[in-house]
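Reading through the structure tokens given below for one structure.
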Amino acid sequence: MDSPTYYFVMDKGFYSEPNLDAMYASHKKFLVGAPFTVGFACKAVERHRDRIRSHHNYCAVFGDELYAVTESSTWKGHRFYIHVYHDSFKAATDERNFDHILYCCYEELVSGRHVKEHASYYDKFFLVHQTPIRGIRVDYNEEAISRHKRNHIGWFVLVSNHIKDKRKALEVYRNKDAVEKCFDDLKNDLDMKRLRIHSAAAMDA
């Protein structure tokens, strides 16, 4: 009997170069979200930023209407598809949330009440000066904010070694969310909590 074919569908938290290398080495098929800390994801958005909003790139998936393009590329000699998406509706919501966080961060910096979770925002989007007369002076890093809005807000990138259609890739990825929600509902119904075990034998028991 032939072994079943497994497809790995993962969000950005599972993206890493070693993980992709391992899946190529073991001939596994995958679809994974690429974070914007990855150079090729940022460059793909930059290449398509000014022309993705063409009606030729318009598509609808599960009721969501957005723009999408696909690039064929290679990963260390292997076939590799980069799917770039821009969701105008999501962009409006994300920008409003981003602006609210920036406002909160500004108030925190001015008052000196720093929030640990906002440290990356302080470093990236603000210019803080200590002056002997006026004390702390806080300015927005307008260049960094503008660059973030252009290249990140409303955008997301999926990569795959076997799905070359942009609509199909997004359908598969969104189905992952539906499956995860079903498992979460099942755990809640059963009142399941994390198992505090450290071996397979204990798990079987």
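Scheme for the structure tokens: letters A, B, ... for chains in order shown; per-chain residue numbers from 1; ligand numbers from 1 in order shown.
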
(message) as a PyMOL selection string, please: every residue in chain A that a backbone DSSP assignment puts in strand (DSSP E or B).
(response) chain A and resi 7-10+29-34+58-61+64-75+78-86+126-131+135-140+155-160

For the selection just defined, write its residues with C-alpha atoms to a file, as a CSV table (one decimal), in the first residue's frame.
chain,number,residue,atom,x,y,z
A,7,TYR,CA,0.9,18.6,2.8
A,8,PHE,CA,2.2,21.0,5.4
A,9,VAL,CA,0.2,24.2,5.7
A,10,MET,CA,1.7,26.6,8.3
A,29,LYS,CA,4.8,19.6,-0.1
A,30,PHE,CA,4.3,22.8,1.9
A,31,LEU,CA,2.5,26.1,2.0
A,32,VAL,CA,3.7,28.6,4.6
A,33,GLY,CA,3.2,32.3,5.4
A,34,ALA,CA,6.4,34.3,5.0
A,58,TYR,CA,-8.3,41.1,-8.6
A,59,CYS,CA,-9.7,37.9,-7.1
A,60,ALA,CA,-12.3,36.7,-4.6
A,61,VAL,CA,-11.6,33.8,-2.1
A,64,ASP,CA,-12.8,38.2,0.6
A,65,GLU,CA,-11.9,40.4,-2.4
A,66,LEU,CA,-8.3,41.3,-2.8
A,67,TYR,CA,-5.4,41.7,-5.3
A,68,ALA,CA,-2.9,38.9,-5.8
A,69,VAL,CA,0.1,38.1,-8.0
A,70,THR,CA,2.4,35.0,-8.2
A,71,GLU,CA,6.1,34.8,-8.9
A,72,SER,CA,7.9,31.6,-9.9
A,73,SER,CA,11.3,31.5,-8.2
A,74,THR,CA,13.8,29.0,-6.8
A,75,TRP,CA,15.0,28.0,-3.4
A,78,HIS,CA,14.3,23.9,-6.0
A,79,ARG,CA,11.0,25.1,-7.5
A,80,PHE,CA,9.5,27.9,-5.4
A,81,TYR,CA,6.3,30.0,-5.8
A,82,ILE,CA,5.8,33.3,-4.1
A,83,HIS,CA,2.2,34.5,-3.8
A,84,VAL,CA,1.8,38.2,-2.9
A,85,TYR,CA,-1.5,39.6,-1.7
A,86,HIS,CA,-2.9,43.0,-0.9
A,126,PHE,CA,10.3,57.0,17.2
A,127,LEU,CA,13.3,59.3,17.6
A,128,VAL,CA,14.0,60.0,21.3
A,129,HIS,CA,16.4,62.8,22.3
A,130,GLN,CA,17.6,63.7,25.8
A,131,THR,CA,18.2,67.4,26.1
A,135,GLY,CA,14.5,66.8,29.0
A,136,ILE,CA,13.1,64.0,26.8
A,137,ARG,CA,12.0,65.0,23.3
A,138,VAL,CA,10.0,62.4,21.3
A,139,ASP,CA,9.5,62.6,17.6
A,140,TYR,CA,7.8,60.3,15.1
A,155,TRP,CA,0.1,42.9,2.5
A,156,PHE,CA,0.8,39.2,3.2
A,157,VAL,CA,3.0,36.6,1.4
A,158,LEU,CA,2.6,32.9,1.0
A,159,VAL,CA,5.2,30.6,-0.4
A,160,SER,CA,4.9,27.0,-1.7

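Taking atom CA of A:Arg167 and atom CA of A:Val45 as the two end points, the separation is 17.5 Å.
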
(request) Could you check which of A:Arg47, A:Lys12, A:Phe125, A:Gly154 is closest to A:Leu109, using only C-alpha atoms? (result) A:Phe125

(request) Name the residues of chain A that come out as helix (DSSP H, G or I) in a backbone DSSP run; write them as a ChimeraX atom specification. (result) /A:12-14,17-25,39-48,55-57,88-111,116-125,142-151,166-190,200-204

(request) Would you mind reading off the distance between atom CA of A:Glu46 and atom CA of A:His152, one decimal, in Å? (result)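 That distance, rounded to one decimal, is 9.8 Å.
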
(request) Would you list the contacts of stretch 112-124 of chain A as JSON, numbers by chain, taking every protein, DNA or RNA residue within 8 Å and counting only C-alpha atoms, but skipping same-chain residues closer than 3 positions in sequence? (result) {"A": [102, 105, 108, 109, 127, 141, 144]}

Emit the selected residues as a PDB file, in the first residue's frame, including all heavy atoms.
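Dumped everything to out.pdb:
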ATOM      1  N   LEU A 102       0.800  53.514  17.667  1.00  0.00           N
ATOM      2  CA  LEU A 102       1.806  54.573  17.640  1.00  0.00           C
ATOM      3  C   LEU A 102       1.440  55.700  18.610  1.00  0.00           C
ATOM      4  O   LEU A 102       2.314  56.241  19.308  1.00  0.00           O
ATOM      5  CB  LEU A 102       1.948  55.132  16.222  1.00  0.00           C
ATOM      6  CG  LEU A 102       2.588  54.223  15.178  1.00  0.00           C
ATOM      7  CD1 LEU A 102       2.727  54.973  13.853  1.00  0.00           C
ATOM      8  CD2 LEU A 102       3.948  53.700  15.635  1.00  0.00           C
ATOM      9  N   CYS A 105       2.198  54.514  22.067  1.00  0.00           N
ATOM     10  CA  CYS A 105       3.647  54.469  22.280  1.00  0.00           C
ATOM     11  C   CYS A 105       4.204  55.866  22.508  1.00  0.00           C
ATOM     12  O   CYS A 105       5.090  56.069  23.356  1.00  0.00           O
ATOM     13  CB  CYS A 105       4.333  53.826  21.076  1.00  0.00           C
ATOM     14  SG  CYS A 105       4.067  52.048  20.926  1.00  0.00           S
ATOM     15  N   GLU A 108       3.446  56.893  25.976  1.00  0.00           N
ATOM     16  CA  GLU A 108       4.273  56.126  26.918  1.00  0.00           C
ATOM     17  C   GLU A 108       5.690  56.685  26.983  1.00  0.00           C
ATOM     18  O   GLU A 108       6.279  56.814  28.069  1.00  0.00           O
ATOM     19  CB  GLU A 108       4.292  54.655  26.511  1.00  0.00           C
ATOM     20  CG  GLU A 108       2.953  53.952  26.693  1.00  0.00           C
ATOM     21  CD  GLU A 108       2.801  52.712  25.828  1.00  0.00           C
ATOM     22  OE1 GLU A 108       3.791  52.306  25.163  1.00  0.00           O
ATOM     23  OE2 GLU A 108       1.687  52.151  25.798  1.00  0.00           O
ATOM     24  N   LEU A 109       6.250  57.028  25.829  1.00  0.00           N
ATOM     25  CA  LEU A 109       7.613  57.559  25.792  1.00  0.00           C
ATOM     26  C   LEU A 109       7.686  58.934  26.452  1.00  0.00           C
ATOM     27  O   LEU A 109       8.619  59.237  27.209  1.00  0.00           O
ATOM     28  CB  LEU A 109       8.102  57.646  24.345  1.00  0.00           C
ATOM     29  CG  LEU A 109       8.446  56.320  23.669  1.00  0.00           C
ATOM     30  CD1 LEU A 109       8.651  56.528  22.166  1.00  0.00           C
ATOM     31  CD2 LEU A 109       9.693  55.703  24.292  1.00  0.00           C
ATOM     32  N   LEU A 127      11.973  58.713  17.383  1.00  0.00           N
ATOM     33  CA  LEU A 127      13.289  59.313  17.601  1.00  0.00           C
ATOM     34  C   LEU A 127      13.243  59.988  18.968  1.00  0.00           C
ATOM     35  O   LEU A 127      12.469  60.936  19.173  1.00  0.00           O
ATOM     36  CB  LEU A 127      13.603  60.325  16.506  1.00  0.00           C
ATOM     37  CG  LEU A 127      13.560  59.789  15.067  1.00  0.00           C
ATOM     38  CD1 LEU A 127      13.680  60.936  14.069  1.00  0.00           C
ATOM     39  CD2 LEU A 127      14.659  58.759  14.853  1.00  0.00           C
ATOM     40  N   ASN A 141       9.282  58.873  13.784  1.00  0.00           N
ATOM     41  CA  ASN A 141      10.180  58.576  12.660  1.00  0.00           C
ATOM     42  C   ASN A 141       9.309  58.425  11.419  1.00  0.00           C
ATOM     43  O   ASN A 141       8.907  57.320  11.056  1.00  0.00           O
ATOM     44  CB  ASN A 141      10.983  57.304  12.936  1.00  0.00           C
ATOM     45  CG  ASN A 141      12.053  57.046  11.896  1.00  0.00           C
ATOM     46  OD1 ASN A 141      11.977  57.548  10.775  1.00  0.00           O
ATOM     47  ND2 ASN A 141      13.050  56.248  12.257  1.00  0.00           N
ATOM     48  N   ALA A 144      10.299  55.890   8.612  1.00  0.00           N
ATOM     49  CA  ALA A 144      10.086  54.481   8.951  1.00  0.00           C
ATOM     50  C   ALA A 144       8.600  54.136   8.966  1.00  0.00           C
ATOM     51  O   ALA A 144       8.198  53.055   8.517  1.00  0.00           O
ATOM     52  CB  ALA A 144      10.711  54.161  10.304  1.00  0.00           C
TER      53      ALA A 144
END
